[in-house]
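Take a look at the structure below.
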Amino acid sequence: MTTGARTMTLNMGPQHPATHGVLRVVLELDGETIISATPHLGYLHTGIEKTAENKLYYKVVPMTDRMDYLAPMSNNLGYVLAVEKLLGIEIPEKVKYARVLLTELTRLNSHLVWLGTHAIDIGAMSMLLYTFREREMLLDVYEAVSGQRMMSTYFRIGGLAYDLPPDFDRKIKKILRVFPQKMKDYENLLSSNRIWIKRLTGVGKLTARQVLDLSVTGPILRSTGVKYDVRKAKPYSGYEKFDFDIPVGENGDCYDRYLVRMEEMRQSLRIMKQALDGMPEGPYKADVPGVVLPPKEKVLSEMEAMIFHFKIITEGFKVPAGSYYQAIESPKGELGYYIVSDGSTRPYRMRVRPPSFINLQTLDPMVRGRLVADVVTCIGSIDIVLGEVDR
Amino acid sequence: MEQAEITKAESELLGALKDRFGDRITGHGKFADQLSIFITDDIVFDLAEFMKEDAHTGFELLSDICGVDWIKCPEMRFELVYNFYSIAKSLRVLVKTTIPDSEKPSIRSIQPIYPGADWLEREMYDMLGIEFEGHPDLRRIITPEGMDGWPHRKDFPLTYEVPQFTHNKDKPPEIIK
Amino acid sequence: MGLEEKIPDSIILTTVDYLVNWSRKSSMWPFGFGLACCAIEMMATFASHFDLARFGMEVTRPSPRQADLMIVAGRVSNKMVPVIKRLYDQMPNPKWVISMGACASCGGIFNNYAILQGVDRIIPVDIYIPGCPPRPEQLIDGIMRLHEKVMKESIRDKAAKKPKRASA
């Protein structure tokens, strides 16, 4: 008869209420202590990068919406900026301000869903209902601007799809007026709650060295003390004109990540206010005849505009050969688009640097030696979106 | 494509690399504030170590590894682009290398130096079929296990199914590339 | 003179079909199978703005053994196909399936090697809801049509479809 320690394998399957999508985690347990946690991915693989090679440049924009489906406008922004850099076209000022405003709105959107689902995983069920109620205000703005509640595809190559609607100011002012009080309500509920503090402090502690080695960016990196934000390091789309702070944590545990994201929401409100106050007048599209669609009034009256419209829609436009990597700060981390063009009307290779995929590598170091309930806390704190992990 | 100007920090980096590796650095180019350096594929491991540890460089963050399939040139078919970033200097560098076409194209893995390259290299193996020597656990990560073929290669068909309307709904769906 | 006056107040007249169907549709428990973007709109439908609890469906069971209605929300990739088939088989009768969104109904905008072109290739679907993603009102409309469909079912037809057991 042999004696010896044996470990138990527990499968948190692809269908699970707390894995935020179809993520499968295989846990090796010794009693209730975790020895290793291995994520198995690929249950939502969509082949977006391969499909983008067969489509014209402007047809890829709706597919980028569906990757990180909680922050759709920031995915659009990364792709559109990369193609505009390859084409070498100049964007009007109004477009830059509108893009910044809507991207910060998207950051609020994503962090609200994170807060709701993280809290309901820990057990605070009413937070989900509160955050989804606030989210309806933001989805109202999306619908006013583009007609669609979530996947708006509002940023196009060369500018915006349509002009900003007349009641845009009123809606944004309502959000700026209502939100600070709601954030105070959330903090009253959670930040000094004994259960919340006990479940989150000390869980998933990582050092800055470990996190940098794993190529992780975003709130996880900032919670360990490293101040890296693409908006300040390599500003894009006019971010250098805005005045905002970058929140940085100290300990690198789940509670610090919670505080970092709450503070990021406040900074987003600050940027939105500056963008709304300083928005200049002007055209909502760049004036580049072969690439950007002409305005509809001209298409219906002038012959030349109609020919351009026809050619762009059916044949597309050629992008000069070359390659460029554009990084933006999405709510999850550094989202990068590396586009290789061979001079034709379709991208030769579109590579997306997915922040959630790379951040998920920290799950294993975070939960070693801890209990099973901490796996749920850590998955919520990493803030993954499976559409981006699997693409 | 016109070449942009090279800044002081970038020319220092190029000088340090040329001192260490000599003629293995086959060229460099700059397009719109982004520097690319071309190297041969046998020095990838030493270059990664140099980029991380050396006092001149200090690139702590490996942002991304990307693979491109240039099917029309068999002697440099797979291009790997390593994306290094230095937080202290706000400097981004793309290091590009090519692997020739063969039965099992392979290159040395840089996972021992940058542990974050673990899943990035697994994804390159999964999508393009490039083997990384020295990787601790090389297997498919995103496509189903047991799948035949490497999806991102240009000779793998997209498997587009023609939608069925009333005129062809009685036949089984037709699959074209 | 009508029959209604002759019947005392405490008797209800009905058919077994009607009673069974009414009880099934009034408290159908959904099986939360959210895969991708449509899952977020499904969560928004369950939240307070478009409340689904008023139709008796607020209890989402994570286990398939305790659920009646499977809402497939999101794109179904080829790696997920055996998982969906196994979950569908684990659900006990009576069960219904709603395919929510364009990707679950017909493959959506993704027509390539990785996505199954419609979940009805592996499991039988009762209601298809188009949209990318469908608005919460559209999802509620689909659920209402499913309720109407349930009210028209009859137990005799369902029993006739059951395979006969081998006699002992």
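Each chain of the structure tokens is named A, B, ... in the order shown, its residues numbered from 1; ligands are numbered from 1 in display order.
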
* To do: Output as JSON, numbers by chain the set of chain C residues within 10 Å of chain B, with distances taken over only C-alpha atoms.
  => {"C": [77, 78, 79, 80, 106, 107, 110, 111, 112, 113, 114, 117]}

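Residues within 10 Å of B:Leu91, counting only C-alpha atoms and excluding same-chain residues fewer than 5 positions away, are Ala233 and Lys234 of chain A; Ala9, Glu10, Asp33, Gln34, Leu35, Thr57, Phe59, Phe84, Tyr85 and Ser86 of chain B.
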
* Excluding same-chain residues fewer than 2 positions from stretch 75-83 of chain B, what lies within 7 Å of it counting only C-alpha atoms, as number ranges by chain? -> B: 62-71, 73, 85, 93-101

For chain A against chain B, with a cut-off of 6 Å and counting only C-alpha atoms, what is the closest atom pair and its distance in Å to one decimal for every residue that makes the cut, ordered by chain and number, as JSON lines?
```
{"residue": "A:Leu41", "atom": "CA", "partner": "B:Ile142", "partner_atom": "CA", "distance": 5.7}
{"residue": "A:Gly42", "atom": "CA", "partner": "B:Ile142", "partner_atom": "CA", "distance": 4.0}
{"residue": "A:Asp213", "atom": "CA", "partner": "B:Tyr114", "partner_atom": "CA", "distance": 5.6}
{"residue": "A:Leu214", "atom": "CA", "partner": "B:Gly116", "partner_atom": "CA", "distance": 3.6}
{"residue": "A:Ser215", "atom": "CA", "partner": "B:Gly116", "partner_atom": "CA", "distance": 5.1}
```

* To do: Fewer than 6 positions away in the same chain doesn't count, so skip those; otherwise give me all residues within 6 Å of stretch 358-368 of chain A, counting only C-alpha atoms, as a list in words.
  => Ile34, Ile35, Ser36, Ala37, Gly204 and Val216 of chain A

With only C-alpha atoms counted and 7 Å as the cut-off, give the residues of chain C in contact with chain A, each with its shortest interatomic distance in Å and the pair that gives it, as a tab-separated table.
```
residue	atom	partner	partner_atom	distance
C:Gly34	CA	A:Gly21	CA	6.8
C:Leu35	CA	A:Gly21	CA	5.7
C:Ala36	CA	A:Gly387	CA	6.5
C:Cys37	CA	A:Tyr69	CA	5.6
C:Ala44	CA	A:Phe132	CA	6.6
C:Ala47	CA	A:Leu129	CA	5.5
C:Ser48	CA	A:Leu129	CA	5.9
C:His49	CA	A:Arg133	CA	6.3
C:Pro62	CA	A:Pro17	CA	6.1
C:Val76	CA	A:Leu44	CA	6.9
C:Ser77	CA	A:Leu44	CA	5.5
C:Lys79	CA	A:Tyr43	CA	5.4
C:Met80	CA	A:Tyr43	CA	5.4
C:Ala114	CA	A:Thr46	CA	5.5
C:Ile115	CA	A:Thr46	CA	6.0
```

I need the residues from that last selection saved to file as a PDB file, in the first residue's frame (with C-alpha atoms), if you can.
```pdb
ATOM      1  CA  GLY C  34     -23.924  34.287 -22.575  1.00  0.00           C
ATOM      2  CA  LEU C  35     -20.974  33.907 -24.867  1.00  0.00           C
ATOM      3  CA  ALA C  36     -20.074  37.318 -26.319  1.00  0.00           C
ATOM      4  CA  CYS C  37     -21.494  40.797 -26.912  1.00  0.00           C
ATOM      5  CA  ALA C  44     -28.983  44.685 -19.414  1.00  0.00           C
ATOM      6  CA  ALA C  47     -31.137  44.605 -14.910  1.00  0.00           C
ATOM      7  CA  SER C  48     -33.484  47.226 -13.598  1.00  0.00           C
ATOM      8  CA  HIS C  49     -34.146  49.402 -16.662  1.00  0.00           C
ATOM      9  CA  PRO C  62     -26.142  28.371 -13.660  1.00  0.00           C
ATOM     10  CA  VAL C  76     -20.481  29.896 -31.339  1.00  0.00           C
ATOM     11  CA  SER C  77     -16.948  28.883 -32.228  1.00  0.00           C
ATOM     12  CA  LYS C  79     -14.214  24.652 -30.058  1.00  0.00           C
ATOM     13  CA  MET C  80     -17.445  25.349 -28.174  1.00  0.00           C
ATOM     14  CA  ALA C 114     -13.691  29.388 -36.818  1.00  0.00           C
ATOM     15  CA  ILE C 115     -17.399  30.185 -36.366  1.00  0.00           C
TER      16      ILE C 115
END
```

* Asked: If we count only C-alpha atoms, what is near A:Gly31 at a cut-off of 12 Å, once residues fewer than 5 positions away on the same chain are taken out, given as a VMD selection string?
  -> chain A and resid 5 to 10 369 to 372

* Give the alpha helix (DSSP H) residues of chain B, as DSSP finds them on the backbone, and put them as a ChimeraX atom specification. => /B:8-21,44-53,117-128

* Spatial neighbours of A:Pro92, max dist 8 Å, only C-alpha atoms, sep filter under 6 positions, as JSON, numbers by chain -> {"A": [159, 282, 283, 284, 285, 286]}

* To do: Would you kindly return, as a PyMOL selection string, each protein, DNA or RNA residue with an atom no farther than 12 Å from any atom of B:Glu103, considering only C-alpha atoms and excluding same-chain residues fewer than 5 positions away?
  => chain B and resi 74+129-131

Quick one: write out the picked residues with N, CA and C atoms as a short mmCIF file (atom, residue, chain, number, x, y, z; two decimals), in the first residue's frame?
```cif
data_model
loop_
_atom_site.label_atom_id
_atom_site.label_comp_id
_atom_site.auth_asym_id
_atom_site.auth_seq_id
_atom_site.Cartn_x
_atom_site.Cartn_y
_atom_site.Cartn_z
N PRO B 74 10.07 32.73 -50.59
CA PRO B 74 10.29 31.55 -49.74
C PRO B 74 11.53 31.65 -48.86
N GLY B 129 2.70 28.09 -37.19
CA GLY B 129 3.47 26.85 -37.24
C GLY B 129 4.94 27.02 -37.00
N ILE B 130 5.37 28.14 -36.40
CA ILE B 130 6.79 28.35 -36.13
C ILE B 130 7.12 27.70 -34.80
N GLU B 131 8.18 26.86 -34.77
CA GLU B 131 8.56 26.20 -33.52
C GLU B 131 9.56 27.05 -32.78
#
```

* **Point-to-point distance from atom CA of A:Gly249 to atom CA of A:Gly225, Å rounded to tenths** =>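 Computing the Euclidean distance for atom CA of A:Gly249 and atom CA of A:Gly225 yields 5.3 Å.
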
* Asked: Which value, in Å to one decimal, gives the distance between atom CA of A:Leu276 and atom CA of A:Met262?
  ->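 Straight-line distance from atom CA of A:Leu276 to atom CA of A:Met262 works out to 21.7 Å.
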
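With only C-alpha atoms as the atoms that count, the residue of A:Leu160, A:Ala321, A:Met12, A:Val141 with the shortest distance to A:Ser341 is A:Ala321.
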